[in-house]
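Data block for work.cif (mmCIF, C-alpha atoms):
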data_work
#
loop_
_atom_site.label_atom_id
_atom_site.label_comp_id
_atom_site.auth_asym_id
_atom_site.auth_seq_id
_atom_site.Cartn_x
_atom_site.Cartn_y
_atom_site.Cartn_z
CA MET A 1004 -3.08 62.57 -13.17
CA LEU A 1005 -2.26 64.13 -16.54
CA ALA A 1006 -1.07 60.79 -17.88
CA ALA A 1007 -4.21 59.00 -16.69
CA LEU A 1008 -6.40 61.65 -18.31
CA ASN A 1009 -5.20 60.41 -21.71
CA LEU A 1010 -5.40 56.64 -21.35
CA ARG A 1011 -8.89 56.24 -22.86
CA THR A 1012 -9.24 59.26 -25.18
CA GLY A 1013 -8.01 57.19 -28.12
CA VAL A 1014 -10.83 54.73 -27.47
CA THR A 1015 -13.86 56.83 -26.59
CA SER A 1016 -13.24 59.58 -29.17
CA VAL A 1017 -13.82 57.08 -32.00
CA GLY A 1018 -17.21 55.65 -31.03
CA PRO A 1019 -19.29 58.84 -31.52
CA LEU A 1020 -17.77 59.36 -35.00
CA LEU A 1021 -17.73 55.73 -36.14
CA ASP A 1022 -20.22 56.25 -38.99
CA GLN A 1023 -18.42 59.35 -40.28
CA LEU A 1024 -15.06 57.59 -40.06
CA ALA A 1025 -16.31 54.52 -41.93
CA ALA A 1026 -17.74 56.71 -44.70
CA GLY A 1027 -14.80 59.12 -44.90
CA LEU A 1028 -12.15 56.40 -44.90
CA GLY A 1029 -14.07 53.91 -47.00
CA MET A 1030 -13.70 51.43 -44.16
CA SER A 1031 -15.37 48.06 -44.54
CA SER A 1032 -17.43 46.37 -41.83
CA ALA A 1033 -14.45 44.15 -41.09
CA GLY A 1034 -12.26 47.22 -40.67
CA THR A 1035 -14.81 48.83 -38.35
CA GLY A 1036 -14.97 45.65 -36.30
CA LEU A 1037 -11.18 45.55 -36.06
CA LEU A 1038 -11.11 49.19 -34.96
CA THR A 1039 -13.50 48.49 -32.09
CA THR A 1040 -11.49 45.39 -31.08
CA LEU A 1041 -8.08 47.08 -31.15
CA PRO A 1042 -8.27 48.44 -27.57
CA VAL A 1043 -8.64 44.96 -26.07
CA LEU A 1044 -5.85 43.54 -28.25
CA ALA A 1045 -3.48 46.42 -27.42
CA PHE A 1046 -4.26 46.48 -23.71
CA ALA A 1047 -3.69 42.73 -23.44
CA GLY A 1048 -0.71 42.30 -25.76
CA VAL A 1049 1.35 45.43 -25.13
CA GLY A 1050 0.39 45.52 -21.45
CA ALA A 1051 1.99 42.11 -20.96
CA ALA A 1052 5.33 43.38 -22.29
CA THR A 1053 5.39 46.52 -20.14
CA PRO A 1054 7.25 45.19 -17.04
CA SER A 1055 10.10 43.93 -19.24
CA LEU A 1056 10.26 47.27 -21.06
CA ALA A 1057 10.24 49.16 -17.75
CA ARG A 1058 13.22 47.16 -16.47
CA ARG A 1059 15.20 47.97 -19.61
CA ILE A 1060 14.19 51.60 -20.18
CA GLY A 1061 13.13 52.86 -16.75
CA GLU A 1062 9.63 53.64 -15.55
CA HIS A 1063 9.74 57.44 -16.01
CA ARG A 1064 11.33 57.19 -19.45
CA LEU A 1065 8.87 54.51 -20.52
CA LEU A 1066 5.83 56.52 -19.43
CA LEU A 1067 7.17 59.56 -21.31
CA LEU A 1068 7.71 57.37 -24.37
CA ALA A 1069 4.18 55.95 -23.97
CA LEU A 1070 2.63 59.42 -23.91
CA VAL A 1071 4.64 60.55 -26.94
CA THR A 1072 3.67 57.34 -28.77
CA LEU A 1073 0.03 57.88 -27.81
CA GLY A 1074 0.09 61.48 -29.02
CA ALA A 1075 1.94 60.63 -32.25
CA GLY A 1076 -0.49 57.83 -33.09
CA LEU A 1077 -3.50 60.07 -32.44
CA LEU A 1078 -1.96 62.85 -34.52
CA VAL A 1079 -1.20 60.64 -37.51
CA ARG A 1080 -4.67 59.09 -37.58
CA SER A 1081 -6.26 62.55 -37.43
CA LEU A 1082 -4.39 63.58 -40.59
CA VAL A 1083 -4.92 60.61 -42.90
CA ASP A 1084 -7.69 59.50 -45.25
CA SER A 1085 -6.51 55.92 -45.58
CA ALA A 1086 -8.29 53.18 -43.63
CA PRO A 1087 -5.18 50.94 -43.26
CA VAL A 1088 -3.04 53.86 -42.03
CA PHE A 1089 -5.82 54.91 -39.67
CA LEU A 1090 -5.94 51.40 -38.18
CA VAL A 1091 -2.16 51.16 -37.82
CA SER A 1092 -1.84 54.58 -36.20
CA SER A 1093 -4.75 53.74 -33.89
CA ALA A 1094 -2.89 50.59 -32.83
CA VAL A 1095 0.23 52.69 -32.16
CA ALA A 1096 -1.76 55.15 -30.03
CA LEU A 1097 -3.50 52.39 -28.08
CA SER A 1098 -0.13 50.74 -27.43
CA GLY A 1099 0.95 53.89 -25.61
CA GLY A 1100 -2.25 53.76 -23.57
CA ALA A 1101 -1.66 50.09 -22.76
CA VAL A 1102 1.77 50.87 -21.32
CA GLY A 1103 0.26 53.62 -19.19
CA ASN A 1104 -2.40 51.23 -17.88
CA VAL A 1105 0.29 49.03 -16.36
CA LEU A 1106 2.82 51.68 -15.37
CA ILE A 1107 0.63 54.06 -13.38
CA PRO A 1108 -0.29 51.54 -10.62
CA THR A 1109 3.43 50.70 -10.48
CA LEU A 1110 4.39 54.37 -10.04
CA VAL A 1111 1.73 54.80 -7.37
CA LYS A 1112 3.27 51.88 -5.48
CA ARG A 1113 6.79 53.24 -5.91
CA HIS A 1114 6.23 56.90 -5.09
CA PHE A 1115 3.22 56.76 -2.74
CA PRO A 1116 3.40 53.37 -0.95
CA ALA A 1117 1.60 54.72 2.12
CA ARG A 1118 -1.07 56.59 0.15
CA THR A 1119 -2.28 53.98 -2.31
CA GLY A 1120 -5.93 54.77 -1.67
CA ILE A 1121 -5.81 58.53 -2.24
CA MET A 1122 -3.50 58.26 -5.27
CA THR A 1123 -5.68 55.57 -6.80
CA THR A 1124 -8.58 57.99 -6.31
CA VAL A 1125 -6.63 60.69 -8.13
CA TYR A 1126 -5.68 58.69 -11.18
CA THR A 1127 -8.91 56.69 -11.57
CA THR A 1128 -10.86 59.95 -11.37
CA ALA A 1129 -8.63 61.47 -14.05
CA LEU A 1130 -9.12 58.32 -16.12
CA ALA A 1131 -12.91 58.61 -15.78
CA VAL A 1132 -12.84 62.32 -16.66
CA GLY A 1133 -10.74 61.68 -19.77
CA THR A 1134 -13.02 58.82 -20.81
CA MET A 1135 -16.16 60.94 -20.50
CA LEU A 1136 -14.59 64.08 -21.96
CA ALA A 1137 -13.52 62.35 -25.18
CA ALA A 1138 -16.90 60.64 -25.54
CA ALA A 1139 -18.90 63.81 -24.89
CA ALA A 1140 -16.79 66.51 -26.56
CA THR A 1141 -15.67 64.86 -29.81
CA VAL A 1142 -18.98 65.34 -31.67
CA PRO A 1143 -19.41 69.02 -30.63
CA ILE A 1144 -15.82 69.69 -31.74
CA GLU A 1145 -16.51 67.94 -35.06
CA ARG A 1146 -19.64 70.01 -35.62
CA ALA A 1147 -17.90 73.26 -34.71
CA ALA A 1148 -14.91 72.53 -36.95
CA GLY A 1149 -16.90 70.79 -39.67
CA ASP A 1150 -14.21 68.13 -39.90
CA TRP A 1151 -13.68 64.87 -38.00
CA HIS A 1152 -9.91 65.20 -38.52
CA VAL A 1153 -9.84 68.20 -36.19
CA ALA A 1154 -12.08 66.51 -33.62
CA LEU A 1155 -9.66 63.57 -33.35
CA GLY A 1156 -6.53 65.72 -33.49
CA VAL A 1157 -7.46 67.62 -30.33
CA TRP A 1158 -6.75 64.53 -28.23
CA ALA A 1159 -3.25 64.22 -29.69
CA ALA A 1160 -2.47 67.70 -28.36
CA LEU A 1161 -3.72 66.72 -24.90
CA ALA A 1162 -1.41 63.68 -24.84
CA LEU A 1163 1.63 65.71 -25.85
CA ILE A 1164 0.85 68.34 -23.19
CA ALA A 1165 0.68 65.58 -20.59
CA ALA A 1166 4.14 64.39 -21.66
CA ILE A 1167 5.82 67.71 -20.83
CA PRO A 1168 6.01 67.32 -17.01
CA TRP A 1169 7.61 63.90 -17.42
CA LEU A 1170 10.55 65.51 -19.23
CA ALA A 1171 11.53 67.05 -15.90
CA LEU A 1172 11.63 63.59 -14.30
CA LEU A 1173 14.00 61.96 -16.77
CA ARG A 1174 17.01 62.69 -14.55
CA ASN A 1175 15.21 61.28 -11.52
CA GLU A 1176 14.61 57.77 -12.76
CA PRO A 1177 13.82 55.61 -9.69
CA ALA A 1178 16.38 52.97 -8.77
CA ARG A 1179 15.23 49.51 -9.80
CA ASP A 1180 15.98 46.28 -8.00
CA VAL A 1181 16.94 44.09 -10.93
CA ASN A 1182 17.40 41.13 -8.60
CA VAL A 1183 13.87 41.19 -7.20
CA LYS A 1184 12.38 37.70 -7.13
CA HIS A 1185 9.05 36.40 -8.37
CA ALA A 1186 8.32 39.40 -10.62
CA GLY A 1187 8.25 37.42 -13.86
CA MET A 1188 5.02 37.02 -15.81
CA ARG A 1189 5.62 33.29 -16.26
CA ARG A 1190 5.79 32.77 -12.52
CA LEU A 1191 2.44 34.46 -12.11
CA THR A 1192 0.74 31.83 -14.26
CA ARG A 1193 1.30 29.47 -11.31
CA SER A 1194 -0.04 31.91 -8.72
CA LYS A 1195 -3.57 31.48 -7.40
CA LEU A 1196 -3.64 35.08 -6.19
CA ALA A 1197 -2.54 36.41 -9.59
CA TRP A 1198 -5.25 34.43 -11.36
CA THR A 1199 -7.97 35.54 -8.96
CA VAL A 1200 -6.92 39.17 -9.38
CA ALA A 1201 -6.96 38.68 -13.17
CA LEU A 1202 -10.40 37.04 -13.09
CA TYR A 1203 -11.75 39.75 -10.81
CA PHE A 1204 -10.36 42.42 -13.13
CA GLY A 1205 -11.70 40.61 -16.19
CA SER A 1206 -15.18 40.01 -14.80
CA GLN A 1207 -15.67 43.61 -13.72
CA SER A 1208 -14.31 44.85 -17.08
CA MET A 1209 -16.65 42.50 -18.93
CA ILE A 1210 -19.66 43.97 -17.10
CA ALA A 1211 -18.43 47.49 -17.91
CA TYR A 1212 -17.93 46.69 -21.61
CA ILE A 1213 -21.38 45.11 -21.79
CA MET A 1214 -23.07 48.09 -20.15
CA PHE A 1215 -21.29 50.72 -22.25
CA GLY A 1216 -21.87 48.73 -25.42
CA TRP A 1217 -25.44 47.54 -24.89
CA LEU A 1218 -27.24 49.76 -22.37
CA ALA A 1219 -28.67 52.08 -25.02
CA ALA A 1220 -29.90 49.15 -27.14
CA MET A 1221 -31.39 47.51 -24.07
CA LEU A 1222 -33.34 50.66 -23.21
CA THR A 1223 -34.67 51.13 -26.73
CA ASP A 1224 -35.82 47.50 -26.74
CA TYR A 1225 -37.70 48.28 -23.53
CA GLY A 1226 -39.52 51.20 -25.16
CA PHE A 1227 -37.31 54.23 -24.57
CA SER A 1228 -36.68 56.57 -27.46
CA THR A 1229 -33.19 56.80 -28.93
CA ALA A 1230 -32.78 60.28 -27.40
CA GLU A 1231 -33.88 59.09 -23.96
CA ALA A 1232 -31.57 56.08 -24.14
CA GLY A 1233 -28.68 58.37 -25.10
CA LEU A 1234 -29.39 60.68 -22.16
CA ILE A 1235 -29.48 57.77 -19.72
CA LEU A 1236 -26.23 56.40 -21.15
CA GLY A 1237 -24.60 59.84 -20.77
CA PHE A 1238 -25.87 60.09 -17.18
CA PHE A 1239 -24.57 56.59 -16.47
CA THR A 1240 -21.16 57.45 -17.91
CA ALA A 1241 -20.93 60.70 -15.92
CA LEU A 1242 -21.62 58.82 -12.68
CA ASN A 1243 -18.27 57.07 -13.08
CA ILE A 1244 -16.49 60.24 -11.98
CA PRO A 1245 -17.95 60.54 -8.45
CA VAL A 1246 -17.81 56.75 -8.09
CA SER A 1247 -14.11 56.76 -9.01
CA ILE A 1248 -13.53 59.38 -6.32
CA ALA A 1249 -15.51 57.66 -3.60
CA VAL A 1250 -14.71 53.96 -3.92
CA PRO A 1251 -10.89 53.99 -3.45
CA MET A 1252 -11.24 56.40 -0.53
CA VAL A 1253 -13.75 54.12 1.18
CA ALA A 1254 -11.91 50.90 0.32
CA SER A 1255 -8.60 52.24 1.65
CA ARG A 1256 -10.15 52.48 5.10
CA PHE A 1257 -10.39 48.69 5.22
CA SER A 1258 -7.38 46.47 5.85
CA ASP A 1259 -9.38 43.76 4.08
CA GLN A 1260 -11.15 44.71 0.84
CA ARG A 1261 -13.80 41.97 0.98
CA PRO A 1262 -16.51 44.18 2.56
CA PRO A 1263 -16.41 46.79 -0.25
CA ILE A 1264 -16.23 44.00 -2.84
CA VAL A 1265 -19.40 42.41 -1.47
CA GLY A 1266 -21.08 45.81 -1.18
CA LEU A 1267 -20.38 46.67 -4.82
CA ILE A 1268 -21.74 43.31 -5.95
CA ALA A 1269 -24.93 44.05 -3.99
CA PHE A 1270 -25.37 47.35 -5.87
CA TYR A 1271 -24.89 45.49 -9.16
CA VAL A 1272 -27.52 42.90 -8.23
CA ILE A 1273 -30.11 45.53 -7.29
CA GLY A 1274 -29.45 47.52 -10.47
CA PHE A 1275 -29.60 44.52 -12.81
CA LEU A 1276 -32.75 43.12 -11.20
CA GLY A 1277 -34.34 46.55 -11.58
CA LEU A 1278 -33.37 46.88 -15.26
CA TRP A 1279 -34.60 43.35 -15.91
CA PHE A 1280 -37.98 43.47 -14.17
CA ALA A 1281 -38.81 47.19 -13.89
CA PRO A 1282 -36.98 48.93 -16.78
CA SER A 1283 -39.38 51.90 -16.75
CA ALA A 1284 -37.39 53.18 -13.73
CA ALA A 1285 -34.08 52.88 -15.58
CA TRP A 1286 -32.89 56.28 -14.31
CA VAL A 1287 -32.88 54.79 -10.79
CA TRP A 1288 -31.37 51.42 -11.64
CA VAL A 1289 -28.41 52.81 -13.60
CA VAL A 1290 -27.33 54.64 -10.43
CA PHE A 1291 -27.02 51.28 -8.65
CA VAL A 1292 -25.16 49.76 -11.59
CA ALA A 1293 -22.82 52.77 -11.80
CA ILE A 1294 -21.97 52.39 -8.10
CA GLY A 1295 -21.32 48.69 -8.70
CA MET A 1296 -18.87 49.70 -11.41
CA GLY A 1297 -16.72 51.12 -8.66
CA SER A 1298 -15.23 47.63 -8.85
CA PHE A 1299 -12.96 49.01 -11.62
CA PRO A 1300 -11.01 51.48 -9.44
CA LEU A 1301 -11.07 48.87 -6.68
CA ALA A 1302 -9.52 46.30 -9.05
CA LEU A 1303 -6.78 48.79 -9.95
CA MET A 1304 -6.22 49.44 -6.26
CA LEU A 1305 -5.78 45.71 -5.58
CA LEU A 1306 -2.82 45.60 -7.97
CA ALA A 1307 -0.82 47.72 -5.53
CA LEU A 1308 -2.36 46.42 -2.31
CA ARG A 1309 -1.60 42.75 -3.05
CA THR A 1310 2.14 43.33 -3.62
CA ARG A 1311 5.02 44.57 -1.50
CA THR A 1312 7.35 45.99 -4.18
CA PRO A 1313 6.87 48.14 -7.30
CA GLU A 1314 8.46 45.42 -9.43
CA ASN A 1315 5.83 42.90 -8.36
CA THR A 1316 3.12 45.53 -8.75
CA ALA A 1317 4.22 45.95 -12.37
CA ALA A 1318 4.14 42.20 -12.95
CA LEU A 1319 0.74 41.75 -11.32
CA SER A 1320 -0.61 44.82 -13.11
CA ALA A 1321 0.54 43.48 -16.48
CA PHE A 1322 -0.73 39.97 -15.82
CA GLY A 1323 -4.04 41.01 -14.29
CA GLN A 1324 -4.87 43.60 -16.94
CA SER A 1325 -3.68 41.55 -19.93
CA ALA A 1326 -5.63 38.44 -18.97
CA GLY A 1327 -8.51 40.55 -17.71
CA TYR A 1328 -8.98 42.57 -20.89
CA LEU A 1329 -8.87 39.41 -23.02
CA ILE A 1330 -11.63 37.95 -20.85
CA ALA A 1331 -13.64 41.17 -20.93
CA GLY A 1332 -13.48 41.55 -24.69
CA ALA A 1333 -15.68 38.49 -25.19
CA GLY A 1334 -18.55 39.96 -23.16
CA PRO A 1335 -20.18 42.40 -25.61
CA LEU A 1336 -19.88 39.92 -28.48
CA LEU A 1337 -21.46 37.14 -26.42
CA VAL A 1338 -24.33 39.38 -25.31
CA GLY A 1339 -25.00 40.32 -28.93
CA VAL A 1340 -25.08 36.67 -29.99
CA LEU A 1341 -27.41 35.71 -27.12
CA ARG A 1342 -29.74 38.66 -27.76
CA ASP A 1343 -30.03 37.81 -31.45
CA ALA A 1344 -30.50 34.11 -30.76
CA THR A 1345 -33.19 34.54 -28.09
CA GLY A 1346 -34.81 37.78 -29.20
CA GLY A 1347 -34.71 39.28 -25.72
CA TRP A 1348 -32.67 40.15 -22.66
CA THR A 1349 -33.43 37.26 -20.29
CA VAL A 1350 -30.45 35.11 -21.29
CA PRO A 1351 -28.03 38.09 -21.44
CA PHE A 1352 -29.08 39.03 -17.89
CA VAL A 1353 -28.49 35.43 -16.76
CA LEU A 1354 -25.02 35.70 -18.30
CA MET A 1355 -24.33 38.94 -16.41
CA PHE A 1356 -25.39 37.37 -13.11
CA ALA A 1357 -23.06 34.44 -13.83
CA VAL A 1358 -20.23 36.94 -14.41
CA LEU A 1359 -21.12 38.63 -11.11
CA ALA A 1360 -20.84 35.25 -9.37
CA VAL A 1361 -17.30 34.89 -10.74
CA GLN A 1362 -16.53 38.44 -9.64
CA LEU A 1363 -17.75 37.71 -6.12
CA LEU A 1364 -15.84 34.44 -5.71
CA THR A 1365 -12.58 35.81 -7.06
CA GLY A 1366 -13.02 39.07 -5.15
CA LEU A 1367 -13.46 37.25 -1.85
CA TYR A 1368 -10.07 35.59 -2.40
CA ALA A 1369 -8.21 38.55 -3.89
CA GLY A 1370 -9.68 40.99 -1.37
CA ARG A 1371 -8.10 39.35 1.67
CA ASN A 1372 -5.12 41.10 3.25
CA ARG A 1373 -2.37 39.02 1.63
CA TYR A 1374 0.65 39.55 -0.61
CA LEU A 1375 1.85 37.96 -3.80
CA GLU A 1376 5.39 37.63 -2.48
CA ASP A 1377 4.22 35.71 0.61
CA GLU A 1378 2.34 33.23 -1.55
CA ARG A 1379 5.44 32.60 -3.63
CA SER A 1380 7.63 32.27 -0.52
CA ALA A 1381 5.22 29.76 1.02
CA ALA A 1382 5.20 27.72 -2.18
CA THR A 1383 9.01 27.70 -2.25
CA MET A 1384 9.21 26.55 1.37
CA ALA A 1385 6.63 23.84 0.77
CA GLY A 1386 8.62 22.63 -2.23
#

What is this structure when it is put down as structure tokens?
Amino acid sequence: MLAALNLRTGVTSVGPLLDQLAAGLGMSSAGTGLLTTLPVLAFAGVGAATPSLARRIGEHRLLLLALVTLGAGLLVRSLVDSAPVFLVSSAVALSGGAVGNVLIPTLVKRHFPARTGIMTTVYTTALAVGTMLAAAATVPIERAAGDWHVALGVWAALALIAAIPWLALLRNEPARDVNVKHAGMRRLTRSKLAWTVALYFGSQSMIAYIMFGWLAAMLTDYGFSTAEAGLILGFFTALNIPVSIAVPMVASRFSDQRPPIVGLIAFYVIGFLGLWFAPSAAWVWVVFVAIGMGSFPLALMLLALRTRTPENTAALSAFGQSAGYLIAGAGPLLVGVLRDATGGWTVPFVLMFAVLAVQLLTGLYAGRNRYLEDERSAATMAG
């Protein structure tokens, strides 16, 4: 829970201070663009290497190292006044977060194989709390301290505090089955189940990135004031906490996750149709969209539910999240291009419904009660 609390603080603490950071560091528009793209690059690139690192170092040791790396990167960037050093240290911090993204579902599978639902609830809720806390508290801290360096440095302290309990687990590194089959990332590129999990993860992440990045602009285009749009965005973000608690608990009651997948898509459809055709009631429609975004904790839950062993959970987690984040990263950029080209939100909404169609189709396949290992065994027998 403490580890998950830190996985997004390095991302969401930057957004509210982006203008101050650009001015204080003398950062160009290209540098600002790179800073906002770094999370996707780190989550995809470093996440893919995590299973191999875990086999060599050990899962407990690697998570401790990830938290220390995260904290060190956040600390360094809070102390510097150089744009290049800020970008490099941000990349270091986000690399630690990327490792945690992949490792935590693996540790849930290893230590709580019979309680995947409740433990997914615990860590996705902590993830949502950390995400919202960094987004909401960074500006008040900056105003109180009168310095953005202090506001960013606070999150380094939180990461290092979270690392302390893992020191006690260094002597209890779980035994690893180095001979486990079908855990390699390359093998997963030939797995239909792995690709559908990755596409499901990527499509739901793309919707989330679009909503967090463009909801406020959408509302102001529809006539809301900047203050009202900010309040609705804050309300929408806060809803992720109860949704993160509820969805894994409900989904774990099903042996087959297709019913909750379809239900979440239905909430998305209602919310998007409402925002599109009746935006004056945006306060109502964002509730439906926020419930639909319960597909994120459900996607994380599938990483453990679709595998039998922690080693394969690590491989599927790395593959699904790496490919998924690369897919998701294109969403906000594409929406911006379509909005500028068409001068409105009709085409972006059509795009989001197309993404929902992909999410539904891949979710119906990935949500069935099946296992990655069985797919690989069947393919071997057929060969």

request  = Record the distance separating CA of His1063 in chain A and CA of Pro1251 in chain A, expressed in Å with one decimal.
outcome  = 24.4 Å

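Among A:Leu1363, A:Val1253, A:Ala1357, A:Leu1070, the residue with the shortest atom-to-atom distance to Ala1269 in chain A, counting all atoms listed in the file, is A:Leu1363.
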
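Proximity to Gly1099 in chain A was assessed for A:Ser1258, A:Thr1039, A:Ser1081, A:Asn1009 counting all atoms listed in the file; the smallest distance is recorded for A:Asn1009.
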
message = Can you tell me which residues surround Val1142 in chain A at a distance of at most 10 Å, considering all atoms listed in the file, apart from same-chain residues fewer than 2 positions away, and format the answer as a PyMOL selection string?
response = chain A and resi 1016-1020+1137-1140+1144-1151+1154-1155

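Nearest-residue note for Ala1129 in chain A: choosing from A:Asn1243, A:Thr1310, A:Thr1072, A:Thr1141, the minimum distance belongs to A:Asn1243, counting all atoms listed in the file.
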
inquiry  = Here's the selection I'm unsure about, the PyMOL selection byres ((chain A and resi 1222-1224) around 12); applied to the file above, which residues does it give, as a PyMOL selection string?
reply    = chain A and resi 1214+1216-1221+1225-1236+1278-1279+1281-1286+1288-1289+1342+1346-1348

Would you save the residues from that selection as a compact mmCIF listing (two decimals), keeping the file's coordinate frame, using C-alpha atoms?
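Listing of result.txt after writing:
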# COMPACT_ATOMS: atom_id res chain seq x y z
CA MET A 1214 -23.07 48.09 -20.15
CA GLY A 1216 -21.87 48.73 -25.42
CA TRP A 1217 -25.44 47.54 -24.89
CA LEU A 1218 -27.24 49.76 -22.37
CA ALA A 1219 -28.67 52.08 -25.02
CA ALA A 1220 -29.90 49.15 -27.14
CA MET A 1221 -31.39 47.51 -24.07
CA TYR A 1225 -37.70 48.28 -23.53
CA GLY A 1226 -39.52 51.20 -25.16
CA PHE A 1227 -37.31 54.23 -24.57
CA SER A 1228 -36.68 56.57 -27.46
CA THR A 1229 -33.19 56.80 -28.93
CA ALA A 1230 -32.78 60.28 -27.40
CA GLU A 1231 -33.88 59.09 -23.96
CA ALA A 1232 -31.57 56.08 -24.14
CA GLY A 1233 -28.68 58.37 -25.10
CA LEU A 1234 -29.39 60.68 -22.16
CA ILE A 1235 -29.48 57.77 -19.72
CA LEU A 1236 -26.23 56.40 -21.15
CA LEU A 1278 -33.37 46.88 -15.26
CA TRP A 1279 -34.60 43.35 -15.91
CA ALA A 1281 -38.81 47.19 -13.89
CA PRO A 1282 -36.98 48.93 -16.78
CA SER A 1283 -39.38 51.90 -16.75
CA ALA A 1284 -37.39 53.18 -13.73
CA ALA A 1285 -34.08 52.88 -15.58
CA TRP A 1286 -32.89 56.28 -14.31
CA TRP A 1288 -31.37 51.42 -11.64
CA VAL A 1289 -28.41 52.81 -13.60
CA ARG A 1342 -29.74 38.66 -27.76
CA GLY A 1346 -34.81 37.78 -29.20
CA GLY A 1347 -34.71 39.28 -25.72
CA TRP A 1348 -32.67 40.15 -22.66

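CA of Ile1164 in chain A to CA of Ser1325 in chain A spans 27.4 Å [interatomic distance, one decimal].
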
request  = Mind checking which residues fall within 8 Å of Thr1128 in chain A, counting all atoms listed in the file, ignoring those fewer than 6 positions away in the same chain, and posting them as a PyMOL selection string?
outcome  = chain A and resi 1244-1245+1247-1248

Test item: residues at most 12 Å from Ala1333 in chain A, all atoms listed in the file, excluding those fewer than 2 positions along its chain, as a VMD selection string = chain A and resid 1040 1043 to 1044 1205 to 1206 1208 to 1213 1216 1326 to 1331 1335 to 1340 1354 1358

I need range 1334-1347 of chain A written out with N, CA and C atoms, as an mmCIF file, in the first residue's frame; please produce it.
data_model
loop_
_atom_site.group_PDB
_atom_site.id
_atom_site.type_symbol
_atom_site.label_atom_id
_atom_site.label_comp_id
_atom_site.auth_asym_id
_atom_site.auth_seq_id
_atom_site.Cartn_x
_atom_site.Cartn_y
_atom_site.Cartn_z
ATOM 1 N N GLY A 1334 -3.278 8.957 -27.303
ATOM 2 C CA GLY A 1334 -4.644 9.450 -27.197
ATOM 3 C C GLY A 1334 -4.779 10.956 -27.036
ATOM 4 N N PRO A 1335 -4.162 11.549 -26.002
ATOM 5 C CA PRO A 1335 -4.307 12.998 -25.813
ATOM 6 C C PRO A 1335 -3.800 13.808 -27.000
ATOM 7 N N LEU A 1336 -2.686 13.374 -27.595
ATOM 8 C CA LEU A 1336 -2.146 14.079 -28.760
ATOM 9 C C LEU A 1336 -3.127 14.027 -29.924
ATOM 10 N N LEU A 1337 -3.705 12.840 -30.168
ATOM 11 C CA LEU A 1337 -4.637 12.677 -31.271
ATOM 12 C C LEU A 1337 -5.896 13.509 -31.059
ATOM 13 N N VAL A 1338 -6.397 13.556 -29.834
ATOM 14 C CA VAL A 1338 -7.568 14.384 -29.539
ATOM 15 C C VAL A 1338 -7.268 15.851 -29.793
ATOM 16 N N GLY A 1339 -6.095 16.305 -29.395
ATOM 17 C CA GLY A 1339 -5.718 17.694 -29.636
ATOM 18 C C GLY A 1339 -5.663 18.027 -31.116
ATOM 19 N N VAL A 1340 -5.087 17.120 -31.903
ATOM 20 C CA VAL A 1340 -5.007 17.334 -33.353
ATOM 21 C C VAL A 1340 -6.403 17.383 -33.960
ATOM 22 N N LEU A 1341 -7.277 16.452 -33.568
ATOM 23 C CA LEU A 1341 -8.630 16.405 -34.126
ATOM 24 C C LEU A 1341 -9.454 17.627 -33.714
ATOM 25 N N ARG A 1342 -9.287 18.055 -32.477
ATOM 26 C CA ARG A 1342 -10.015 19.250 -32.006
ATOM 27 C C ARG A 1342 -9.584 20.488 -32.783
ATOM 28 N N ASP A 1343 -8.284 20.641 -32.989
ATOM 29 C CA ASP A 1343 -7.793 21.805 -33.723
ATOM 30 C C ASP A 1343 -8.211 21.757 -35.191
ATOM 31 N N ALA A 1344 -8.208 20.538 -35.755
ATOM 32 C CA ALA A 1344 -8.530 20.404 -37.179
ATOM 33 C C ALA A 1344 -10.011 20.628 -37.461
ATOM 34 N N THR A 1345 -10.882 20.221 -36.523
ATOM 35 C CA THR A 1345 -12.325 20.294 -36.761
ATOM 36 C C THR A 1345 -12.997 21.445 -36.032
ATOM 37 N N GLY A 1346 -12.313 22.015 -35.054
ATOM 38 C CA GLY A 1346 -12.879 23.134 -34.318
ATOM 39 C C GLY A 1346 -13.983 22.753 -33.355
ATOM 40 N N GLY A 1347 -14.069 21.491 -32.998
ATOM 41 C CA GLY A 1347 -15.121 21.059 -32.073
ATOM 42 C C GLY A 1347 -14.816 19.701 -31.485
#
